[in-house]
Amino acid sequence: DEYNYSKEWQSTILQFGLTNYWELKNNAGIFLDSFINGFSGAGPSFGIDLSFNKFSNKSDYSIFYGGGIGWYLNPVFELGPGSGFGNEPDSRASHGLAFIGQVGYVFMRTYDFNIFARMKYHFLFQTVDSEYDNGITFNVTVVRKLQSEKRKNPLTIFGLIFGK
């Protein structure tokens, strides 16, 4: 049937990313995540999201929950008549705004080295035929807090030139 076609969304088992994490004074934190999905077989899939999270307590080990927004780019295969050269599917990129909800657990929160285990749910508004996509991600994030070196006299010319 020339009008019969289907779309195949790709999934992945491995995701690589970079995370920037800011701890706030009101027992909350902000995550800025950028990621690329590896071994999906469909081509590059990546995204970026920003989320606000609230911790259940102020100890070293705590449950957290939160939400945010993001932007994702995913490949889409269209299978059917006239959807590519020969029998190959036609592929194109789909991108859009995503709403994110997450829950997780933090280990060693008061140290300079933190481990976050998270489950994220995303609801993505696609640009392909005004459809939507959703999914669940499980990840483990390792964060090392960087300490800046403080200057003793930052207002003097001598201190600015020689770092004293």
# chains A, B, ... in the order shown; residues from 1 in each chain; ligands from 1
>>> residues_around(residues="Gly96 in chain A", least_positions_apart="6", cutoff="12 Å", atoms="only C-alpha atoms", output="PyMOL selection string")
chain A and resi 46-49+69-75+122-134
>>> closest_residue(among="A:Phe64, A:Phe35, A:Thr110, A:Ala28", to="Asn139 in chain A", atoms="only C-alpha atoms")
A:Phe35
>>> closest_residue(among="A:Phe16, A:Phe52, A:Tyr61, A:Tyr111", to="Leu146 in chain A", atoms="only C-alpha atoms")
A:Tyr111
>>> atom_distance(atom1="CA of His95 in chain A", atom2="CA of Asn37 in chain A")
14.3 Å
>>> closest_residue(among="A:Asn27, A:Ser45, A:Asn53, A:Ser34", to="Ser94 in chain A", atoms="only C-alpha atoms")
A:Ser45
>>> closest_residue(among="A:Gly67, A:Ile100, A:Gly135, A:Tyr21", to="Ile115 in chain A", atoms="only C-alpha atoms")
A:Tyr21
>>> residues_around(residues="Arg118 in chain A", least_positions_apart="5", cutoff="6 Å", atoms="only C-alpha atoms", output="NGL selection string")
:A and (103-104 or 138-139)
>>> closest_residue(among="A:Phe99, A:Phe113, A:Tyr105, A:Trp22", to="Tyr65 in chain A", atoms="only C-alpha atoms")
A:Tyr105
